[in-house]
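Undergrad: What follows is target35.tsv; its format and atoms are TSV, C-alpha atoms.
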```
chain	number	residue	atom	x	y	z
A	15	MET	CA	-6.28	29.04	39.84
A	16	LYS	CA	-3.53	26.42	39.69
A	17	LEU	CA	-1.92	26.12	36.26
A	18	LEU	CA	-1.57	22.69	34.69
A	19	SER	CA	1.90	21.51	33.74
A	20	ARG	CA	2.54	20.79	30.07
A	21	ARG	CA	2.29	17.05	30.71
A	22	GLN	CA	-0.93	17.41	32.72
A	23	PHE	CA	-2.46	19.57	30.00
A	24	ILE	CA	-1.68	17.08	27.25
A	25	LEU	CA	-2.87	14.14	29.35
A	26	ALA	CA	-6.11	15.94	30.09
A	27	THR	CA	-6.82	16.61	26.43
A	28	SER	CA	-5.66	13.40	24.73
A	29	GLY	CA	-5.49	9.61	25.03
A	30	ILE	CA	-1.80	8.75	25.19
A	31	ALA	CA	-0.48	5.26	25.72
A	32	PHE	CA	2.78	4.43	27.47
A	33	ALA	CA	4.86	6.26	30.09
A	34	ALA	CA	8.59	6.33	30.78
A	35	ASN	CA	9.69	8.18	33.89
A	36	THR	CA	13.40	8.15	33.23
A	37	ILE	CA	15.89	11.00	33.24
A	38	ALA	CA	18.48	11.36	30.51
A	39	LYS	CA	21.59	13.46	30.02
A	40	PRO	CA	21.07	16.68	28.06
A	41	ALA	CA	22.22	16.62	24.46
A	42	HIS	CA	22.62	19.57	22.11
A	43	SER	CA	23.86	20.08	18.55
A	44	LYS	CA	24.34	22.90	16.10
A	45	LEU	CA	22.24	23.52	13.01
A	46	GLN	CA	24.07	23.02	9.73
A	47	LYS	CA	22.44	23.79	6.39
A	48	SER	CA	23.65	20.64	4.60
A	49	PHE	CA	20.89	18.63	6.26
A	50	ASN	CA	18.40	21.36	7.17
A	51	ASP	CA	16.89	23.73	4.65
A	52	SER	CA	14.61	25.15	7.34
A	53	SER	CA	17.35	26.62	9.50
A	54	ASP	CA	15.30	29.81	9.89
A	55	GLU	CA	12.91	27.87	12.14
A	56	SER	CA	13.59	28.48	15.81
A	57	ILE	CA	13.87	25.45	18.07
A	58	ILE	CA	11.26	25.96	20.77
A	59	GLU	CA	10.87	24.72	24.30
A	60	SER	CA	14.04	22.59	24.26
A	61	ASN	CA	14.30	22.82	28.05
A	62	LEU	CA	10.71	21.95	28.94
A	63	SER	CA	11.64	18.46	30.02
A	64	ALA	CA	14.47	17.06	32.12
A	65	LEU	CA	14.57	14.32	29.46
A	66	ASN	CA	16.19	16.32	26.68
A	67	LEU	CA	16.20	14.17	23.56
A	68	VAL	CA	16.21	17.01	21.04
A	69	HIS	CA	18.90	16.74	18.36
A	70	PRO	CA	18.54	19.30	15.56
A	71	LEU	CA	19.80	18.41	12.08
A	72	PRO	CA	22.52	17.41	11.55
A	73	TYR	CA	23.32	15.26	14.58
A	74	SER	CA	26.48	16.72	16.07
A	75	PRO	CA	28.99	15.32	16.57
A	76	SER	CA	28.09	12.58	14.12
A	77	ALA	CA	27.88	9.12	15.64
A	78	GLY	CA	29.16	7.62	12.37
A	79	ILE	CA	32.67	9.08	12.58
A	80	ASN	CA	35.34	6.33	12.46
A	81	LYS	CA	32.71	3.60	12.02
A	82	ASP	CA	33.09	1.03	9.25
A	83	ARG	CA	29.64	-0.51	8.75
A	84	ALA	CA	26.42	1.44	9.36
A	85	LEU	CA	22.85	0.22	9.04
A	86	LEU	CA	20.05	2.71	8.28
A	87	ILE	CA	16.51	1.32	8.49
A	88	CYS	CA	13.62	3.61	7.54
A	89	GLY	CA	9.97	3.03	8.35
A	90	SER	CA	6.40	3.37	7.06
A	91	GLY	CA	4.15	0.99	8.87
A	92	ASP	CA	3.36	-2.65	9.30
A	93	TYR	CA	4.12	-3.65	5.70
A	94	MET	CA	7.65	-2.25	5.90
A	95	LEU	CA	8.25	-3.97	9.24
A	96	ALA	CA	7.13	-7.33	7.81
A	97	TRP	CA	9.13	-6.84	4.60
A	98	THR	CA	12.28	-5.87	6.49
A	99	ILE	CA	12.09	-8.83	8.86
A	100	GLY	CA	11.53	-11.16	5.88
A	101	TYR	CA	14.53	-9.66	4.09
A	102	PHE	CA	16.74	-9.89	7.17
A	103	TYR	CA	15.70	-13.53	7.65
A	104	ALA	CA	16.76	-14.28	4.08
A	105	LEU	CA	20.12	-12.54	4.60
A	106	HIS	CA	20.66	-14.59	7.75
A	107	GLN	CA	19.88	-17.79	5.86
A	108	SER	CA	22.37	-16.68	3.20
A	109	GLY	CA	25.19	-16.09	5.67
A	110	VAL	CA	25.03	-12.28	5.86
A	111	ASN	CA	25.57	-11.04	9.42
A	112	LEU	CA	23.99	-7.59	9.83
A	113	SER	CA	24.69	-7.54	13.57
A	114	ILE	CA	28.33	-6.66	12.93
A	115	ALA	CA	27.16	-3.11	12.12
A	116	GLU	CA	28.94	-0.61	14.37
A	117	ILE	CA	26.05	1.85	14.26
A	118	ILE	CA	22.34	1.29	13.58
A	119	VAL	CA	19.75	4.05	13.06
A	120	GLY	CA	16.11	2.98	13.06
A	121	SER	CA	12.92	4.96	12.57
A	122	SER	CA	9.35	3.72	12.96
A	123	ALA	CA	9.28	0.11	11.73
A	124	GLY	CA	13.03	0.42	11.36
A	125	ALA	CA	13.39	1.05	15.09
A	126	ILE	CA	11.92	-2.36	15.90
A	127	ALA	CA	13.89	-4.14	13.18
A	128	GLY	CA	17.06	-2.30	14.18
A	129	SER	CA	16.66	-3.29	17.81
A	130	ALA	CA	16.22	-6.94	16.85
A	131	ILE	CA	19.49	-6.76	14.89
A	132	ALA	CA	21.38	-4.87	17.60
A	133	THR	CA	20.38	-7.36	20.32
A	134	GLY	CA	20.92	-10.46	18.22
A	135	HIS	CA	17.24	-11.02	18.97
A	136	LEU	CA	16.38	-11.78	15.35
A	137	GLN	CA	18.35	-15.02	15.68
A	138	HIS	CA	16.27	-15.87	18.76
A	139	LEU	CA	13.02	-15.21	16.86
A	140	ILE	CA	14.21	-17.35	13.96
A	141	ASN	CA	15.00	-20.22	16.32
A	142	GLU	CA	11.82	-19.75	18.36
A	143	LEU	CA	9.23	-19.34	15.61
A	144	ASN	CA	8.01	-21.18	12.56
A	145	PHE	CA	8.88	-18.13	10.51
A	146	PHE	CA	6.10	-18.14	7.91
A	147	ILE	CA	3.40	-19.42	10.26
A	148	ASP	CA	4.08	-17.84	13.66
A	149	MET	CA	5.72	-14.57	12.57
A	150	PRO	CA	2.66	-13.22	10.68
A	151	LYS	CA	0.53	-13.96	13.74
A	152	LEU	CA	3.00	-12.13	15.97
A	153	LEU	CA	3.07	-9.08	13.68
A	154	MET	CA	-0.73	-9.00	13.57
A	155	GLU	CA	-0.63	-8.34	17.33
A	156	LEU	CA	0.60	-4.83	16.44
A	157	VAL	CA	-2.47	-4.02	14.36
A	158	ALA	CA	-5.45	-2.43	16.06
A	159	ASN	CA	-9.00	-2.59	14.76
A	160	ARG	CA	-8.67	-0.77	11.45
A	161	LYS	CA	-12.15	0.73	11.54
A	162	ILE	CA	-10.88	4.27	11.40
A	163	ASN	CA	-12.89	6.84	13.38
A	164	ILE	CA	-13.22	10.53	12.55
A	165	SER	CA	-10.42	11.68	14.86
A	166	GLN	CA	-8.04	9.09	13.40
A	167	LYS	CA	-9.02	10.01	9.85
A	168	ARG	CA	-8.28	13.66	10.59
A	169	ALA	CA	-4.71	12.81	11.65
A	170	LEU	CA	-4.10	10.46	8.73
A	171	GLN	CA	-5.43	12.96	6.19
A	172	LEU	CA	-3.33	15.74	7.68
A	173	CYS	CA	-0.21	13.62	7.21
A	174	LEU	CA	-1.13	13.27	3.54
A	175	SER	CA	-1.94	16.95	3.03
A	176	VAL	CA	0.96	18.69	4.79
A	177	ASN	CA	3.49	19.01	1.97
A	178	ASP	CA	6.41	20.69	3.69
A	179	GLY	CA	8.75	19.86	6.55
A	180	LYS	CA	8.48	23.12	8.45
A	181	LEU	CA	8.39	22.93	12.21
A	182	ASN	CA	4.92	24.46	12.52
A	183	SER	CA	3.56	21.93	9.99
A	184	ILE	CA	4.94	19.04	12.02
A	185	GLN	CA	3.40	20.60	15.12
A	186	GLU	CA	-0.02	20.59	13.40
A	187	ILE	CA	0.33	16.87	12.69
A	188	GLY	CA	1.38	16.39	16.32
A	189	LYS	CA	-1.78	18.12	17.56
A	190	ALA	CA	-3.90	15.82	15.41
A	191	ALA	CA	-1.97	12.82	16.74
A	192	MET	CA	-2.70	13.85	20.33
A	193	ALA	CA	-6.37	14.48	19.52
A	194	ALA	CA	-6.93	11.13	17.77
A	195	HIS	CA	-8.85	8.52	19.75
A	196	VAL	CA	-6.84	5.36	19.02
A	197	SER	CA	-7.23	1.95	20.58
A	198	ILE	CA	-4.36	-0.52	20.60
A	199	PRO	CA	-4.38	-4.32	20.85
A	200	LYS	CA	-4.28	-5.77	24.35
A	201	ASP	CA	-0.86	-7.36	23.89
A	202	TYR	CA	0.69	-4.48	21.93
A	203	GLU	CA	3.46	-3.56	24.38
A	204	ALA	CA	4.29	-7.21	25.05
A	205	THR	CA	4.58	-7.78	21.30
A	206	ILE	CA	6.96	-4.82	20.92
A	207	LYS	CA	9.09	-6.32	23.70
A	208	ARG	CA	9.04	-9.72	22.04
A	209	LEU	CA	10.13	-8.29	18.69
A	210	ALA	CA	12.66	-5.75	19.93
A	211	GLY	CA	14.22	-7.78	22.72
A	212	LYS	CA	13.60	-7.56	26.47
A	213	ARG	CA	16.55	-5.42	27.51
A	214	ASN	CA	16.85	-1.90	28.84
A	215	TRP	CA	18.94	-0.95	25.79
A	216	PRO	CA	20.53	-3.45	23.44
A	217	ALA	CA	23.82	-1.76	22.59
A	218	ASP	CA	25.41	1.66	22.43
A	219	LYS	CA	25.40	1.39	18.63
A	220	LEU	CA	21.61	1.70	18.33
A	221	TYR	CA	19.88	5.06	17.76
A	222	VAL	CA	16.08	5.35	17.59
A	223	THR	CA	14.22	8.41	16.33
A	224	ALA	CA	10.89	10.04	17.18
A	225	SER	CA	9.22	13.47	17.02
A	226	ASP	CA	7.79	15.63	19.80
A	227	CYS	CA	4.07	16.05	19.09
A	228	TYR	CA	3.91	19.42	20.86
A	229	THR	CA	7.04	21.13	19.55
A	230	GLY	CA	7.65	19.24	16.30
A	231	GLU	CA	11.30	18.76	17.22
A	232	ARG	CA	13.36	15.77	16.09
A	233	LEU	CA	14.22	13.40	18.93
A	234	VAL	CA	16.99	10.81	19.01
A	235	ILE	CA	17.09	8.15	21.73
A	236	SER	CA	20.30	6.26	22.50
A	237	HIS	CA	21.83	4.14	25.26
A	238	ALA	CA	22.76	7.32	27.16
A	239	ASP	CA	19.11	8.20	27.80
A	240	ASN	CA	18.20	5.28	30.09
A	241	ILE	CA	14.93	4.53	28.31
A	242	PRO	CA	13.64	0.95	27.91
A	243	ILE	CA	14.03	-0.17	24.32
A	244	GLU	CA	10.37	-1.13	23.94
A	245	GLN	CA	9.41	2.39	25.04
A	246	ALA	CA	11.65	4.01	22.43
A	247	CYS	CA	10.43	1.65	19.71
A	248	SER	CA	6.79	2.27	20.63
A	249	ALA	CA	7.35	6.03	20.37
A	250	SER	CA	9.17	5.75	17.05
A	251	TYR	CA	6.38	3.52	15.67
A	252	ALA	CA	3.47	5.74	16.77
A	253	TRP	CA	2.07	6.90	13.43
A	254	PRO	CA	-0.48	9.72	13.88
A	255	GLY	CA	-3.99	8.32	13.71
A	256	LEU	CA	-2.89	4.68	13.77
A	257	LYS	CA	-1.16	4.45	17.12
A	258	PRO	CA	-1.39	6.81	20.09
A	259	PRO	CA	1.54	9.04	21.06
A	260	VAL	CA	3.94	7.60	23.61
A	261	TRP	CA	5.38	9.41	26.63
A	262	LEU	CA	9.15	9.66	26.91
A	263	GLY	CA	9.62	11.64	30.08
A	264	ASP	CA	7.51	14.79	29.65
A	265	ARG	CA	7.37	14.53	25.88
A	266	ALA	CA	4.42	13.07	24.00
A	267	CYS	CA	6.09	11.43	21.01
A	268	MET	CA	5.01	10.33	17.56
A	269	ASP	CA	6.56	8.39	14.69
A	270	GLY	CA	10.12	9.26	13.70
A	271	GLY	CA	8.97	9.44	10.07
A	272	VAL	CA	7.04	12.66	10.76
A	273	SER	CA	10.12	14.83	10.61
A	274	GLN	CA	12.15	17.24	8.52
A	275	THR	CA	14.25	14.25	7.50
A	276	THR	CA	12.91	11.02	6.06
A	277	THR	CA	15.97	8.97	6.94
A	278	HIS	CA	17.81	10.64	9.86
A	279	ALA	CA	20.95	9.74	7.92
A	280	ASP	CA	22.75	12.72	9.44
A	281	ILE	CA	23.29	10.66	12.60
A	282	LEU	CA	25.78	8.40	10.83
A	283	ILE	CA	27.70	10.79	8.58
A	284	GLY	CA	31.34	9.68	8.49
A	285	ALA	CA	30.69	5.95	8.40
A	286	LYS	CA	32.73	4.16	5.73
A	287	ARG	CA	29.74	2.27	4.29
A	288	VAL	CA	26.04	2.65	4.88
A	289	LEU	CA	23.46	-0.02	4.06
A	290	VAL	CA	20.08	1.70	3.66
A	291	PHE	CA	16.66	0.01	3.78
A	292	SER	CA	13.69	2.10	2.65
A	293	LEU	CA	10.06	1.46	1.73
A	294	ASN	CA	10.42	3.48	-1.48
A	295	ASP	CA	13.05	5.23	-3.58
A	296	GLY	CA	12.01	8.74	-2.56
A	297	SER	CA	10.41	9.58	-5.92
A	298	ASP	CA	7.03	11.26	-6.46
A	299	GLN	CA	5.82	8.02	-8.04
A	300	ALA	CA	6.06	6.33	-4.65
A	301	LYS	CA	3.20	8.49	-3.35
A	302	GLN	CA	1.07	7.61	-6.39
A	303	GLU	CA	1.70	3.93	-5.64
A	304	GLY	CA	0.59	4.36	-2.03
A	305	LEU	CA	4.10	3.72	-0.72
A	306	SER	CA	4.01	6.66	1.67
A	307	LEU	CA	1.89	7.70	4.64
A	308	THR	CA	2.97	11.33	4.43
A	309	ALA	CA	3.20	14.19	1.94
A	310	ILE	CA	6.23	15.70	3.69
A	311	PRO	CA	9.00	15.86	1.05
A	312	ASN	CA	11.06	12.68	0.99
A	313	SER	CA	14.72	13.44	1.76
A	314	LEU	CA	16.06	9.97	0.88
A	315	GLN	CA	17.88	10.80	-2.36
A	316	LYS	CA	19.23	14.09	-1.00
A	317	ASP	CA	20.48	12.35	2.14
A	318	ILE	CA	22.18	9.56	0.17
A	319	THR	CA	23.87	12.21	-1.98
A	320	THR	CA	25.11	13.94	1.17
A	321	LEU	CA	26.44	10.66	2.57
A	322	ASN	CA	28.30	9.95	-0.66
A	323	LYS	CA	29.76	13.46	-0.81
A	324	THR	CA	31.01	13.19	2.76
A	325	GLY	CA	32.85	9.94	2.04
A	326	SER	CA	30.32	7.18	2.80
A	327	LYS	CA	29.79	4.39	0.30
A	328	THR	CA	26.06	3.58	0.23
A	329	LEU	CA	23.86	0.71	-0.90
A	330	LEU	CA	20.11	1.39	-1.07
A	331	VAL	CA	17.63	-1.47	-0.81
A	332	THR	CA	13.96	-0.57	-1.38
A	333	ALA	CA	10.90	-2.68	-0.62
A	334	GLY	CA	8.59	-1.29	-3.30
A	335	LEU	CA	5.29	-2.84	-4.34
A	336	PRO	CA	4.44	-6.50	-3.80
A	337	PRO	CA	4.46	-8.55	-7.03
A	338	GLY	CA	1.47	-7.91	-9.30
A	339	LYS	CA	0.33	-4.73	-7.57
A	340	LYS	CA	0.25	-1.25	-9.10
A	341	SER	CA	-0.54	0.39	-5.77
A	342	VAL	CA	-1.08	-0.54	-2.13
A	343	ASP	CA	-3.05	0.58	0.89
A	344	LEU	CA	-0.50	0.63	3.70
A	345	LEU	CA	-3.35	0.40	6.23
A	346	ASP	CA	-4.38	-3.03	4.90
A	347	SER	CA	-3.32	-5.66	7.45
A	348	LYS	CA	-3.29	-8.32	4.71
A	349	LEU	CA	-0.04	-6.76	3.54
A	350	ILE	CA	1.74	-8.14	6.60
A	351	GLY	CA	1.85	-11.72	5.30
A	352	GLN	CA	2.62	-10.54	1.77
A	353	GLY	CA	5.38	-8.25	3.02
A	354	LEU	CA	7.04	-11.01	5.05
A	355	THR	CA	7.07	-13.41	2.09
A	356	TYR	CA	8.08	-10.79	-0.47
A	357	GLY	CA	10.86	-9.51	1.77
A	358	PHE	CA	12.24	-13.04	2.09
A	359	VAL	CA	12.16	-13.60	-1.69
A	360	ARG	CA	13.86	-10.27	-2.31
A	361	GLY	CA	16.43	-11.00	0.40
A	362	ILE	CA	17.42	-14.30	-1.18
A	363	ALA	CA	17.76	-12.58	-4.56
A	364	GLY	CA	19.76	-9.67	-3.15
A	365	ALA	CA	21.95	-11.55	-0.67
A	366	SER	CA	25.04	-11.77	-2.88
A	367	GLN	CA	25.04	-8.02	-3.56
A	368	VAL	CA	24.56	-7.19	0.11
A	369	LYS	CA	27.26	-9.69	1.12
A	370	GLN	CA	29.76	-8.15	-1.30
A	371	PHE	CA	28.99	-4.65	0.02
A	372	TRP	CA	28.98	-5.68	3.70
A	373	SER	CA	31.99	-7.99	3.79
```
Could you write out this file's structure as structure tokens?
TA:
Amino acid sequence: MKLLSRRQFILATSGIAFAANTIAKPAHSKLQKSFNDSSDESIIESNLSALNLVHPLPYSPSAGINKDRALLICGSGDYMLAWTIGYFYALHQSGVNLSIAEIIVGSSAGAIAGSAIATGHLQHLINELNFFIDMPKLLMELVANRKINISQKRALQLCLSVNDGKLNSIQEIGKAAMAAHVSIPKDYEATIKRLAGKRNWPADKLYVTASDCYTGERLVISHADNIPIEQACSASYAWPGLKPPVWLGDRACMDGGVSQTTTHADILIGAKRVLVFSLNDGSDQAKQEGLSLTAIPNSLQKDITTLNKTGSKTLLVTAGLPPGKKSVDLLDSKLIGQGLTYGFVRGIAGASQVKQFWS
């Protein structure tokens, strides 16, 4: 009997969206305990694919060494994407130029926002769209029918019940992601392209993160990997149960937020200053407020401490709850319009602080 390849097996047992048949250069790094408390976990199957995107924690050598300005954009769904774009629009209107960042790390929603900054595409969107009329409509193109079926619910609930960042726990979430029957809007990929910018890769300063569903390993995609930017962003934005895994070479990939690190800040250790955008402040209260799609321990505060100790000056900007709300449902598509507006208001209010830090 002929044995199925790993890719054939996964394709035969799951509904997975996009495909990228590109080959990238191998990349390896050493485990260091400062960013990885689970160093006893063995990294498995690193050589299964010619497209080797695996980068254990911490990223080595750091891409932040000798960089002045670094931009770190975390994720957590459609609300965070809308909020971040609204905030960035306000900064642009206030004369703050984020595109001068020498290194940008984006995960999930942050991958899309980071690509727009790296390409200068945000300026194009601002010029092209009536921001508070057309932008919400564009972002809604990313939202599938939110009638969650049983297989989707299983994946979403697993994300909220797995309370450690061990490799085998991430693998369990990956299995549920591959088993979830998820439909996506007809124009989903075109919308990702429109938001991220229609280029193969915007700049060598952009790094996008994802996780291998099968192995649980952390993946980092950069200009060296010859992957279309919309493909990398789609993989990084593929939250288990909400969006189907995305193929990068022979790896079925899910959201970069399902990882041993919440921020992937290790990629930019050594940068002189790091501007961090996060949905929440990393506290336990954030989960009670609904500002998290996962129970995996949030590494934000620990990672910021590590950045500061290694010589980086940091500024943390958090989205938090929309005005008047004590909690949110991050699956509620109505939050897109609220997030865009609230992000803009917060951006106008915070522009002077960001300008002082960034200039």
Undergrad: Which is closest to Met268 (chain A) among A:Glu203, A:Asp317, A:Glu231, A:Asp295, if we use only C-alpha atoms?
TA: A:Glu231
Undergrad: Find the spatial neighbours of region 340-350 of chain A, counting only C-alpha atoms, within a cut-off of 10 Å - ignore same-chain residues fewer than 2 positions away - and output them as a short mmCIF file (atom, residue, chain, number, x, y, z; two decimals) with C-alpha atoms, keeping the file's coordinate frame.
TA:
```
data_model
loop_
_atom_site.label_atom_id
_atom_site.label_comp_id
_atom_site.auth_asym_id
_atom_site.auth_seq_id
_atom_site.Cartn_x
_atom_site.Cartn_y
_atom_site.Cartn_z
CA SER A 90 6.40 3.37 7.06
CA GLY A 91 4.15 0.99 8.87
CA ASP A 92 3.36 -2.65 9.30
CA TYR A 93 4.12 -3.65 5.70
CA MET A 94 7.65 -2.25 5.90
CA LEU A 95 8.25 -3.97 9.24
CA ALA A 96 7.13 -7.33 7.81
CA TRP A 97 9.13 -6.84 4.60
CA MET A 149 5.72 -14.57 12.57
CA PRO A 150 2.66 -13.22 10.68
CA LYS A 151 0.53 -13.96 13.74
CA LEU A 153 3.07 -9.08 13.68
CA MET A 154 -0.73 -9.00 13.57
CA LEU A 156 0.60 -4.83 16.44
CA VAL A 157 -2.47 -4.02 14.36
CA ALA A 158 -5.45 -2.43 16.06
CA ASN A 159 -9.00 -2.59 14.76
CA ARG A 160 -8.67 -0.77 11.45
CA ILE A 162 -10.88 4.27 11.40
CA LEU A 256 -2.89 4.68 13.77
CA ALA A 300 6.06 6.33 -4.65
CA LYS A 301 3.20 8.49 -3.35
CA GLN A 302 1.07 7.61 -6.39
CA GLU A 303 1.70 3.93 -5.64
CA GLY A 304 0.59 4.36 -2.03
CA LEU A 305 4.10 3.72 -0.72
CA SER A 306 4.01 6.66 1.67
CA LEU A 307 1.89 7.70 4.64
CA GLY A 334 8.59 -1.29 -3.30
CA LEU A 335 5.29 -2.84 -4.34
CA PRO A 336 4.44 -6.50 -3.80
CA PRO A 337 4.46 -8.55 -7.03
CA GLY A 338 1.47 -7.91 -9.30
CA GLN A 352 2.62 -10.54 1.77
CA GLY A 353 5.38 -8.25 3.02
CA LEU A 354 7.04 -11.01 5.05
CA THR A 355 7.07 -13.41 2.09
CA TYR A 356 8.08 -10.79 -0.47
#
```
Undergrad: Identify, on the basis of all atoms listed in the file, every residue whose closest approach to Asn312 (chain A) does not exceed 12 Å; exclude the query and any residue fewer than 4 positions from it along the same chain; express the result as a list in words.
TA: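 Here the qualifying residues turn out to be Cys88, Asn177, Asp178, Gly179, Gly271, Val272, Ser273, Gln274, Thr275, Thr276, Thr277, His278, Ser292, Leu293, Asn294, Asp295, Gly296, Ser297, Asp298, Gln299, Ala300, Lys301, Leu305, Ser306, Leu307, Thr308, Lys316, Asp317 and Ile318 of chain A.
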Undergrad: Tell me which protein, DNA and RNA residues are within 12 Å of region 242-245 of chain A, counting all atoms listed in the file, leaving out same-chain ones fewer than 6 positions away, and put them as an NGL selection string.
TA: :A and (31-38 or 120 or 125-130 or 132-133 or 202-218 or 220-224 or 235-236 or 251-252 or 259-263 or 266-268)
Undergrad: Have a look at A:Pro254, A:Gly89, A:Gly78, A:Pro70 and name the one nearest to Glu116 (chain A); count all atoms listed in the file.
TA: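 Of the candidates, the smallest distance to Glu116 (chain A) is held by A:Gly78.
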Undergrad: Under the rule that all atoms listed in the file are counted, which of A:Ser108, A:Ser113, A:Asn141, A:Thr98 is the nearest residue to Val290 (chain A)?
TA: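 Among A:Ser108, A:Ser113, A:Asn141, A:Thr98, it is A:Thr98 that comes nearest to Val290 (chain A).
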Undergrad: Find the axis-aligned box for region 161-177 of chain A, covering all its listed atoms and adding 8 Å on each side, and write its centre and edge lengths in Å to one decimal as AutoDock Vina command-line options.
TA:
```
--center_x -4.9 --center_y 9.9 --center_z 8.4 --size_x 32.7 --size_y 34.3 --size_z 28.9
```
Undergrad: Go ahead and compute the interatomic distance for CA of Ala104 (chain A) and CA of Gly357 (chain A), in Å to one decimal.
TA: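 For CA of Ala104 (chain A) relative to CA of Gly357 (chain A), the distance reads 7.9 Å.
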Undergrad: Between CA of Gly325 (chain A) and CA of Ala285 (chain A), what is the spacing in Å?
TA: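 A separation of 7.8 Å between them.
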